[in-house]
$ cat final05.txt   # compact mmCIF, C-alpha atoms
# COMPACT_ATOMS: atom_id res chain seq x y z
CA MET A 287 28.81 -14.80 53.77
CA LEU A 288 29.87 -17.89 51.86
CA ARG A 289 26.28 -19.04 51.68
CA ARG A 290 25.20 -15.70 50.14
CA LEU A 291 27.97 -15.88 47.55
CA LEU A 292 27.01 -19.43 46.65
CA LEU A 293 23.35 -18.41 46.31
CA SER A 294 24.31 -15.48 44.05
CA LEU A 295 26.35 -17.78 41.82
CA ILE A 296 23.43 -20.20 41.51
CA ILE A 297 21.05 -17.38 40.55
CA CYS A 298 23.50 -16.05 37.94
CA HIS A 299 23.93 -19.55 36.55
CA LEU A 300 20.16 -20.02 36.23
CA SER A 301 19.80 -16.62 34.57
CA PHE A 302 22.48 -17.33 31.98
CA SER A 303 21.00 -20.79 31.37
CA HIS A 304 17.62 -19.20 30.67
CA VAL A 305 19.16 -16.73 28.17
CA ALA A 306 21.11 -19.46 26.46
CA ALA A 307 18.01 -21.66 26.19
CA GLN A 308 16.21 -19.09 24.06
CA GLU A 309 17.37 -19.84 20.55
CA PHE A 310 15.07 -17.67 18.48
CA ARG A 311 14.33 -13.98 18.16
CA ILE A 312 11.71 -11.58 16.79
CA ASP A 313 12.93 -9.64 13.78
CA ASN A 314 11.62 -6.78 11.63
CA PHE A 315 8.55 -5.89 13.69
CA HIS A 316 6.71 -3.15 11.77
CA GLU A 317 3.30 -1.74 10.97
CA ASN A 318 1.90 -2.78 7.59
CA THR A 319 0.00 0.33 6.49
CA MET A 320 -1.29 -1.27 3.29
CA GLU A 321 -2.92 -4.31 4.93
CA MET A 322 -6.60 -4.20 5.97
CA ALA A 323 -6.88 -7.70 7.46
CA ALA A 324 -7.31 -6.34 10.98
CA ALA A 325 -9.90 -3.75 9.94
CA THR A 326 -12.02 -6.32 8.09
CA SER A 327 -11.62 -9.27 10.48
CA GLY A 328 -14.59 -8.51 12.71
CA VAL A 329 -12.65 -9.68 15.80
CA LYS A 330 -13.49 -7.40 18.75
CA ASP A 331 -12.44 -7.07 22.37
CA LEU A 332 -14.81 -7.03 25.35
CA ASN A 333 -15.53 -3.34 24.74
CA GLY A 334 -16.61 -3.97 21.17
CA LYS A 335 -13.48 -2.41 19.69
CA LEU A 336 -11.84 -4.04 16.66
CA ALA A 337 -8.68 -5.92 17.50
CA ALA A 338 -5.15 -5.34 16.25
CA LEU A 339 -3.44 -8.10 14.28
CA LEU A 340 0.08 -9.42 14.88
CA ARG A 341 1.31 -11.64 12.04
CA PHE A 342 4.43 -13.74 12.56
CA VAL A 343 6.27 -15.62 9.84
CA VAL A 344 7.26 -18.98 11.40
CA ARG A 345 9.09 -22.11 10.24
CA ASP A 346 7.88 -24.44 12.97
CA ASP A 347 4.42 -25.13 14.36
CA LYS A 348 5.55 -25.65 17.94
CA PHE A 349 5.63 -21.98 18.97
CA ASP A 350 3.11 -20.97 21.60
CA PHE A 351 2.05 -17.36 22.27
CA ASP A 352 0.67 -15.26 25.11
CA ALA A 353 0.15 -11.51 25.63
CA ASN A 354 -0.21 -9.23 28.62
CA LEU A 355 -3.84 -8.44 27.69
CA GLY A 356 -4.57 -11.89 26.33
CA ILE A 357 -5.08 -13.16 22.80
CA LEU A 358 -8.59 -12.78 21.37
CA LYS A 359 -8.08 -15.19 18.49
CA LYS A 360 -5.22 -17.24 17.03
CA THR A 361 -5.21 -18.39 13.40
CA GLU A 362 -2.55 -20.66 11.91
CA LYS A 363 -1.84 -20.25 8.22
CA THR A 364 0.82 -21.70 5.93
CA GLY A 365 4.09 -20.27 7.21
CA GLU A 366 2.31 -17.73 9.44
CA VAL A 367 0.59 -17.32 12.77
CA TRP A 368 -2.02 -14.56 13.16
CA LEU A 369 -2.70 -13.20 16.63
CA PHE A 370 -5.64 -10.87 17.22
CA VAL A 371 -4.95 -8.83 20.35
CA PRO A 372 -6.67 -5.90 22.12
CA GLU A 373 -5.55 -2.33 21.55
CA GLY A 374 -2.88 -1.32 24.05
CA THR A 375 -1.10 -4.68 24.15
CA LYS A 376 2.49 -4.02 25.21
CA ARG A 377 4.19 -7.38 25.72
CA ILE A 378 4.04 -10.87 24.29
CA SER A 379 5.65 -14.13 25.40
CA ILE A 380 6.66 -16.90 23.00
CA SER A 381 7.64 -20.40 24.05
CA HIS A 382 8.96 -23.48 22.26
CA PRO A 383 9.57 -26.96 23.72
CA TYR A 384 13.08 -27.16 22.23
CA LEU A 385 14.16 -23.58 21.66
CA GLY A 386 13.19 -22.05 25.00
CA VAL A 387 11.06 -19.09 26.08
CA LEU A 388 11.07 -15.42 25.10
CA ARG A 389 9.21 -13.94 28.04
CA GLY A 390 7.69 -10.46 28.19
CA PHE A 391 8.97 -9.17 24.84
CA GLU A 392 8.31 -5.42 24.72
CA LEU A 393 6.56 -4.56 21.48
CA PRO A 394 8.48 -1.70 19.80
CA LEU A 395 5.36 0.06 18.51
CA ALA A 396 2.11 1.20 20.09
CA ILE A 397 -0.58 -1.38 19.25
CA THR A 398 -3.75 0.29 17.97
CA SER A 399 -7.13 -0.97 16.90
CA LYS A 400 -7.69 -2.11 13.27
CA THR A 401 -3.94 -2.10 12.59
CA THR A 402 -1.85 -4.96 11.19
CA TYR A 403 1.74 -5.56 12.33
CA ASP A 404 4.17 -7.98 10.67
CA ALA A 405 7.27 -9.67 12.07
CA GLU A 406 9.43 -12.79 11.68
CA ILE A 407 10.49 -15.37 14.23
CA ILE A 408 14.09 -16.21 13.41
CA ILE A 409 15.40 -19.56 14.65
CA THR A 410 19.01 -18.96 15.66
CA ASN A 411 19.84 -22.63 16.26
CA GLU A 412 20.89 -23.64 12.77
CA THR A 413 21.23 -27.33 13.56
CA TYR A 414 17.60 -27.44 14.66
CA LEU A 415 16.61 -25.48 11.56
CA ARG A 416 18.57 -27.79 9.27
CA THR A 417 16.93 -30.83 10.84
CA LEU A 418 13.55 -29.16 10.35
CA MET A 419 14.29 -28.57 6.67
CA GLN A 420 15.64 -32.07 6.21
CA GLN A 421 12.51 -33.67 7.60
CA ALA A 422 10.40 -31.34 5.43
CA ALA A 423 12.37 -32.50 2.38
CA GLN A 424 11.87 -36.14 3.35
CA ASN A 425 8.12 -35.48 3.64
CA GLY A 426 8.03 -34.13 0.11
CA GLY A 427 8.82 -30.52 0.96
CA ASN A 428 5.18 -29.58 1.37
CA HIS A 429 4.78 -29.54 5.16
CA PRO A 430 7.07 -28.88 8.09
CA PRO A 431 7.71 -31.83 10.39
CA LYS A 432 5.47 -32.21 13.40
CA THR A 433 8.29 -33.33 15.69
CA VAL A 434 12.02 -32.96 15.92
CA THR A 435 13.95 -35.86 17.45
CA ASP A 436 15.39 -35.45 20.91
CA SER A 437 18.79 -36.35 19.52
CA VAL A 438 19.16 -32.81 18.16
CA SER A 439 21.63 -30.91 20.30
CA ILE A 440 20.10 -27.57 21.23
CA ARG A 441 23.53 -26.25 22.18
CA GLN A 442 25.15 -26.86 18.79
CA ALA A 443 25.43 -24.11 16.18
CA ASP A 444 26.13 -24.53 12.52
CA LYS A 445 25.58 -22.71 9.26
CA VAL A 446 23.34 -24.09 6.56
CA SER A 447 24.76 -23.12 3.20
CA VAL A 448 23.28 -23.42 -0.27
CA ALA A 449 25.31 -26.60 -0.75
CA ASP A 450 23.62 -28.08 2.35
CA SER A 451 20.17 -27.22 1.04
CA LEU A 452 21.01 -28.76 -2.32
CA SER A 453 22.15 -31.98 -0.68
CA LEU A 454 18.93 -32.08 1.38
CA GLY A 455 16.85 -31.73 -1.76
CA ILE A 456 15.30 -28.42 -0.71
CA ILE A 457 16.43 -26.81 -3.98
CA SER A 458 15.65 -28.81 -7.10
CA PRO A 459 18.25 -29.24 -9.88
CA ASP A 460 16.11 -27.00 -12.10
CA SER A 461 16.84 -24.06 -9.80
CA LEU A 462 20.62 -24.52 -9.77
CA ARG A 463 20.91 -21.42 -11.94
CA VAL A 464 20.11 -19.24 -8.94
CA LYS A 465 22.86 -20.76 -6.78
CA GLU A 466 25.45 -18.15 -7.63
CA SER A 467 23.13 -15.31 -6.70
CA ILE A 468 22.69 -16.62 -3.16
CA PRO A 469 25.59 -16.03 -0.77
CA ASN A 470 26.54 -18.75 1.65
CA GLY A 471 24.51 -18.04 4.72
CA ARG A 472 21.66 -19.09 6.89
CA LEU A 473 18.39 -20.54 5.67
CA ASN A 474 16.60 -17.98 7.83
CA ASP A 475 17.44 -15.41 5.16
CA PHE A 476 15.51 -17.25 2.44
CA VAL A 477 12.07 -18.56 1.70
CA TYR A 478 11.32 -21.00 -1.13
CA TYR A 479 8.65 -20.50 -3.77
CA ASN A 480 8.32 -23.25 -6.37
CA ASP A 481 11.79 -24.52 -5.45
CA THR A 482 13.32 -21.11 -6.07
CA PRO A 483 14.88 -19.39 -3.04
CA GLN A 484 13.94 -15.77 -2.51
CA ARG A 485 15.52 -13.46 0.04
CA HIS A 486 13.17 -12.12 2.68
CA SER A 487 12.51 -8.42 2.39
CA ARG A 488 13.43 -6.56 5.56
CA LYS A 489 10.86 -3.90 4.80
CA SER A 490 7.15 -4.09 4.24
CA GLN A 491 5.70 -3.60 0.80
CA SER A 492 5.46 0.18 0.97
CA ALA A 493 4.75 1.16 -2.65
CA ARG A 494 1.77 0.40 -4.87
CA PHE A 495 0.81 1.41 -8.39
CA GLY A 496 -2.76 2.35 -9.23
CA ILE A 497 -4.90 3.02 -12.29
CA GLY A 498 -8.03 5.12 -11.82
CA ILE A 499 -11.10 5.42 -14.04
CA ASP A 500 -13.42 8.29 -13.08
CA TYR A 501 -16.32 10.34 -14.36
CA SER A 502 -16.71 14.05 -13.59
CA ALA A 503 -20.27 15.20 -13.09
CA LEU A 504 -19.59 18.89 -12.39
CA GLY A 505 -17.18 21.40 -13.90
CA ALA A 506 -15.23 19.57 -16.60
CA VAL A 507 -17.94 16.99 -17.33
CA GLY A 508 -16.60 13.77 -18.82
CA PRO A 509 -14.50 10.65 -18.20
CA SER A 510 -10.95 10.74 -16.90
CA VAL A 511 -8.06 8.30 -16.56
CA ASN A 512 -5.21 8.67 -14.11
CA MET A 513 -2.20 6.79 -12.80
CA GLU A 514 -1.19 6.88 -9.15
CA LEU A 515 1.89 5.85 -7.19
CA ILE A 516 1.13 5.23 -3.51
CA ILE A 517 4.07 5.21 -1.09
CA ASN A 518 2.95 4.48 2.47
CA TRP A 519 0.66 7.43 3.30
CA MET A 520 1.48 9.62 0.28
CA SER A 521 0.35 9.38 -3.34
CA ILE A 522 1.62 10.99 -6.54
CA TYR A 523 -0.79 11.02 -9.45
CA GLY A 524 -1.45 12.41 -12.90
CA GLY A 525 -3.94 12.01 -15.71
CA GLY A 526 -6.37 13.64 -18.09
CA VAL A 527 -10.05 14.58 -18.40
CA PHE A 528 -11.87 14.30 -21.72
CA CYS A 529 -14.60 16.93 -21.53
CA MET A 530 -17.74 15.81 -23.32
CA LYS A 531 -19.87 18.90 -22.86
CA LYS A 532 -19.12 21.61 -25.44
CA ALA A 533 -19.91 25.31 -25.49
CA SER A 534 -21.63 26.02 -28.82
CA ASP A 535 -22.43 29.10 -30.90
CA ILE A 536 -20.43 31.63 -28.97
CA GLY A 537 -20.00 34.55 -31.35
CA VAL A 538 -19.26 38.23 -31.85
CA TYR A 539 -22.28 40.19 -33.01
CA ASN A 540 -21.72 43.35 -34.99
CA LYS A 541 -24.29 45.79 -33.66
CA TYR A 542 -23.73 48.30 -36.48
CA VAL A 543 -24.59 46.06 -39.41
CA HIS A 544 -26.69 43.58 -37.42
CA TYR A 545 -25.12 40.23 -38.24
CA LEU A 546 -23.13 37.58 -36.45
CA GLU A 547 -19.56 38.43 -37.25
CA GLU A 548 -17.85 35.38 -35.72
CA ALA A 549 -19.14 32.23 -34.04
CA TYR A 550 -17.28 29.33 -32.39
CA ASP A 551 -17.84 25.92 -30.90
CA TYR A 552 -15.48 25.33 -27.97
CA SER A 553 -14.22 22.06 -26.49
CA CYS A 554 -11.70 21.27 -23.77
CA MET A 555 -9.23 18.63 -22.60
CA LYS A 556 -7.54 18.83 -19.20
CA ALA A 557 -4.28 17.40 -17.91
CA PHE A 558 -3.66 17.31 -14.18
CA ALA A 559 -1.06 16.21 -11.65
CA GLY A 560 -0.74 16.41 -7.91
CA ILE A 561 -0.01 14.75 -4.59
CA GLY A 562 -2.28 13.25 -1.96
CA PHE A 563 -2.04 12.36 1.71
CA LEU A 564 -3.83 9.23 2.94
CA LEU A 565 -5.32 10.09 6.31
CA ASN A 566 -6.27 6.51 7.29
CA PRO A 567 -4.89 4.06 4.69
CA ARG A 568 -5.65 0.86 6.60
CA SER A 569 -9.39 1.49 7.06
CA VAL A 570 -12.28 0.24 4.99
CA VAL A 571 -13.48 3.84 4.53
CA GLN A 572 -10.46 5.90 3.48
CA PHE A 573 -9.95 9.66 3.27
CA THR A 574 -7.28 11.21 1.06
CA LEU A 575 -6.53 14.94 1.01
CA LYS A 576 -5.38 15.90 -2.50
CA GLY A 577 -4.01 18.97 -4.22
CA GLY A 578 -2.40 19.84 -7.52
CA MET A 579 -2.43 21.76 -10.78
CA SER A 580 -4.35 21.32 -14.01
CA VAL A 581 -4.15 22.82 -17.49
CA GLY A 582 -7.29 23.12 -19.60
CA MET A 583 -6.53 23.19 -23.34
CA ILE A 584 -9.48 24.92 -25.04
CA SER A 585 -10.03 24.68 -28.78
CA GLY A 586 -12.52 26.88 -30.62
CA LYS A 587 -13.73 25.86 -34.07
CA GLU A 588 -15.00 28.84 -36.05
CA LEU A 589 -18.35 28.45 -37.75
CA ALA A 590 -19.06 29.76 -41.25
CA LYS A 591 -19.20 33.56 -41.37
CA LYS A 592 -22.49 34.94 -42.58
CA ASN A 593 -23.71 38.36 -43.76
CA THR A 594 -26.12 39.75 -46.32
CA THR A 595 -23.68 39.85 -49.22
CA TYR A 596 -21.61 36.66 -49.16
CA PHE A 597 -21.08 33.29 -47.53
CA ASP A 598 -17.58 32.30 -46.45
CA ASP A 599 -17.20 28.61 -45.48
CA GLU A 600 -13.54 28.86 -44.46
CA LYS A 601 -12.80 26.97 -41.21
CA LYS A 602 -10.48 28.37 -38.54
CA PHE A 603 -9.44 27.39 -34.98
CA ASP A 604 -8.88 29.59 -32.00
CA HIS A 605 -6.93 28.15 -29.04
CA THR A 606 -6.65 29.30 -25.45
CA HIS A 607 -5.91 27.80 -22.06
CA VAL A 608 -6.66 28.05 -18.36
CA THR A 609 -4.29 26.90 -15.61
CA THR A 610 -5.81 26.09 -12.23
CA ALA A 611 -4.82 24.98 -8.77
CA PHE A 612 -7.20 22.60 -7.03
CA VAL A 613 -7.84 20.94 -3.69
CA ALA A 614 -9.92 17.80 -3.22
CA LEU A 615 -10.99 15.24 -0.64
CA ARG A 616 -11.29 11.67 -1.89
CA VAL A 617 -13.69 9.55 0.16
CA GLY A 618 -13.05 5.90 -0.69
CA LEU A 619 -14.67 2.57 0.16
CA ALA A 620 -12.38 -0.47 -0.11
CA LEU A 621 -14.12 -3.18 -2.13
CA GLY A 622 -11.22 -5.56 -1.59
CA LYS A 623 -7.49 -5.46 -1.25
CA HIS A 624 -6.95 -3.98 -4.71
CA VAL A 625 -10.14 -2.02 -5.56
CA LEU A 626 -11.30 1.31 -4.13
CA PHE A 627 -14.58 3.03 -5.03
CA HIS A 628 -14.47 6.75 -4.36
CA VAL A 629 -16.37 10.02 -4.58
CA THR A 630 -14.16 13.10 -4.80
CA PRO A 631 -15.42 16.68 -4.45
CA GLU A 632 -12.91 19.34 -5.49
CA TYR A 633 -12.55 23.08 -5.90
CA SER A 634 -10.42 24.82 -8.56
CA PHE A 635 -8.86 28.29 -8.58
CA ASP A 636 -7.92 30.13 -11.77
CA VAL A 637 -4.21 31.05 -11.57
CA ASP A 638 -3.46 31.82 -15.24
CA HIS A 639 -5.39 32.01 -18.50
CA GLY A 640 -5.32 33.25 -22.06
CA ASP A 641 -7.08 36.40 -23.24
CA THR A 642 -9.76 34.52 -25.15
CA TYR A 643 -10.72 32.51 -22.04
CA GLU A 644 -11.44 35.71 -20.13
CA LEU A 645 -13.91 36.76 -22.84
CA ILE A 646 -15.71 33.50 -23.59
CA LYS A 647 -16.19 32.34 -19.97
CA GLU A 648 -18.60 35.25 -19.49
CA ALA A 649 -20.75 33.92 -22.32
CA ASP A 650 -21.11 30.33 -21.09
CA ASN A 651 -20.83 28.83 -17.60
CA THR A 652 -19.66 25.57 -19.17
CA ILE A 653 -16.38 27.24 -20.10
CA LYS A 654 -16.05 28.78 -16.64
CA GLY A 655 -16.52 25.33 -15.13
CA TRP A 656 -13.50 24.05 -17.06
CA GLY A 657 -11.25 26.25 -14.94
CA GLU A 658 -12.99 27.48 -11.80
CA GLY A 659 -15.39 26.44 -9.09
CA PHE A 660 -16.64 23.15 -7.74
CA GLY A 661 -16.24 19.75 -9.36
CA LEU A 662 -17.33 16.24 -8.41
CA LYS A 663 -16.01 12.94 -9.71
CA ALA A 664 -16.64 9.30 -8.88
CA GLY A 665 -14.86 6.17 -10.00
CA LEU A 666 -12.68 3.17 -9.24
CA LEU A 667 -9.01 2.90 -8.34
CA PHE A 668 -7.28 -0.41 -9.06
CA THR A 669 -3.98 -0.96 -7.19
CA PHE A 670 -1.22 -3.51 -7.82

$ encode --input "final05.txt" --output "structure tokens"
Amino acid sequence: MLRRLLLSLIICHLSFSHVAAQEFRIDNFHENTMEMAAATSGVKDLNGKLAALLRFVVRDDKFDFDANLGILKKTEKTGEVWLFVPEGTKRISISHPYLGVLRGFELPLAITSKTTYDAEIIITNETYLRTLMQQAAQNGGNHPPKTVTDSVSIRQADKVSVADSLSLGIISPDSLRVKESIPNGRLNDFVYYNDTPQRHSRKSQSARFGIGIDYSALGAVGPSVNMELIINWMSIYGGGVFCMKKASDIGVYNKYVHYLEEAYDYSCMKAFAGIGFLLNPRSVVQFTLKGGMSVGMISGKELAKKNTTYFDDEKKFDHTHVTTAFVALRVGLALGKHVLFHVTPEYSFDVDHGDTYELIKEADNTIKGWGEGFGLKAGLLFTF
């Protein structure tokens, strides 16, 4: 009985020692829906399927990684480690010679092919972190140290404040103006760009702004410009179409006296707005289901009236409108991280119009195309 109790105590002691030895954690693990690095990497598993990408922000190059399905490729970048893993990976293990082992960490999300996931490795031993930063400062601040002396006590814990980082030379005197905006806290909460500390965002970059330049080949023929706000898988957009094709010489013929009583040249400008849903935002070929409303503003310039007795050169304008609802499917090809080429077929439904529109659309299909039927546009979307 005593022997069993002693054995239990030893096992508990070893278990607690193992927990205490792990002095780092994984933080903010999330899917980055706007990143296409995994989809364009070309790294594939044994079945020919594109790998998923796990990207970890790190502050030390001594971390080693393993996964339950193996790691297809490991790439070390400045301040980051990229791990390409097969779809279906569920657990990873991370080890460090000084900070211990995080074994069998359960990934909080399902790992799928062609998807990029971001996370941070937070060093919770602040004394080790401070020594790391101090050696980096002594090396000129450009590279992390390759080794940390054995004299560092892994069991100690301390906070590294802004004053500490100033004394270590991590923040230059030119950046003292930002000192008041940084609360006393841990260096894990900050990253330094050009000697200026910036707080890490706990969320991925989820919003982008876009400017689109398109040309419509059917319906309202002409160039268009639009602005788009993309938030994760949804987009909100608006813009205008400048119709180049006019409808000319549409007139009212007086059958009793046999002359053209009125004649007009019509032109149109359209304003539109709507929302879209990105069906696969992280792929090279992207599909976006779109819908919205548009208003066609039609202007008719009256030609000179003519008959057998007089000539009247007075100019007049006749205005009307057509309001439509439309649905569209944008098929895009990513030409890079910030450029998308697309072809977008759409269909418009007439929901409201002026009296003149009802009359003149029967005379010319160009006018009918401004408000109803199929349309096709192609162009480029630039995102920032």

$ residues_near_point --input "final05.txt" --point "(-18.8, 16.8, -16.8)" --cutoff "10 Å" --atoms "only C-alpha atoms" --output "ChimeraX atom specification"
/A:501-510,527-532,652,655-656,661-663

$ residues_around --input "final05.txt" --residues "A:Asp641" --least-positions-apart "6" --cutoff "12 Å" --atoms "all atoms listed in the file" --output "list of chain:residue names"
A:Ile584, A:Asp604, A:His605, A:Thr606, A:His607, A:Val608, A:Lys647

$ atom_distance --input "final05.txt" --atom1 "atom CA of A:Glu406" --atom2 "atom CA of A:Gly365"
10.2 Å

$ atom_distance --input "final05.txt" --atom1 "atom CA of A:Ala353" --atom2 "atom CA of A:Ser379"
6.1 Å

$ residues_around --input "final05.txt" --residues "A:Thr326" --least-positions-apart "4" --cutoff "8 Å" --atoms "only C-alpha atoms" --output "ChimeraX atom specification"
/A:322,400,570

$ residues_around --input "final05.txt" --residues "A:Val343" --least-positions-apart "2" --cutoff "7 Å" --atoms "only C-alpha atoms" --output "number ranges by chain"
A: 341, 365-367, 405-407

$ residues_around --input "final05.txt" --residues "A:Asn333" --least-positions-apart "4" --cutoff "12 Å" --atoms "only C-alpha atoms" --output "list of chain:residue names"
A:Val329, A:Ala337, A:Pro372, A:Glu373, A:Ser399

$ residues_around --input "final05.txt" --residues "A:Thr319" --least-positions-apart "5" --cutoff "8 Å" --atoms "only C-alpha atoms" --output "count of residues only"
7

$ atom_distance --input "final05.txt" --atom1 "atom CA of A:Glu392" --atom2 "atom CA of A:Leu340"
13.4 Å

$ closest_residue --input "final05.txt" --among "A:Val387, A:Val625, A:Ala559, A:Ala493" --to "A:Phe351" --atoms "only C-alpha atoms"
A:Val387

$ axis_aligned_box --input "final05.txt" --around "stretch 361-373 of chain A" --padding-each-side "8 Å" --output "JSON"
{"center_x": -1.3, "center_y": -12.0, "center_z": 14.0, "size_x": 26.8, "size_y": 35.4, "size_z": 32.2}

$ residues_near_point --input "final05.txt" --point "(-10.9, -1.9, 27.1)" --cutoff "12 Å" --atoms "all atoms listed in the file" --output "ChimeraX atom specification"
/A:330-337,355-356,371-375,398-399

$ write_last_selection --input "final05.txt" --atoms "C-alpha atoms" --output "short mmCIF file (atom, residue, chain, number, x, y, z; two decimals), in the frame of the given file"
data_model
loop_
_atom_site.label_atom_id
_atom_site.label_comp_id
_atom_site.auth_asym_id
_atom_site.auth_seq_id
_atom_site.Cartn_x
_atom_site.Cartn_y
_atom_site.Cartn_z
CA LYS A 330 -13.49 -7.40 18.75
CA ASP A 331 -12.44 -7.07 22.37
CA LEU A 332 -14.81 -7.03 25.35
CA ASN A 333 -15.53 -3.34 24.74
CA GLY A 334 -16.61 -3.97 21.17
CA LYS A 335 -13.48 -2.41 19.69
CA LEU A 336 -11.84 -4.04 16.66
CA ALA A 337 -8.68 -5.92 17.50
CA LEU A 355 -3.84 -8.44 27.69
CA GLY A 356 -4.57 -11.89 26.33
CA VAL A 371 -4.95 -8.83 20.35
CA PRO A 372 -6.67 -5.90 22.12
CA GLU A 373 -5.55 -2.33 21.55
CA GLY A 374 -2.88 -1.32 24.05
CA THR A 375 -1.10 -4.68 24.15
CA THR A 398 -3.75 0.29 17.97
CA SER A 399 -7.13 -0.97 16.90
#
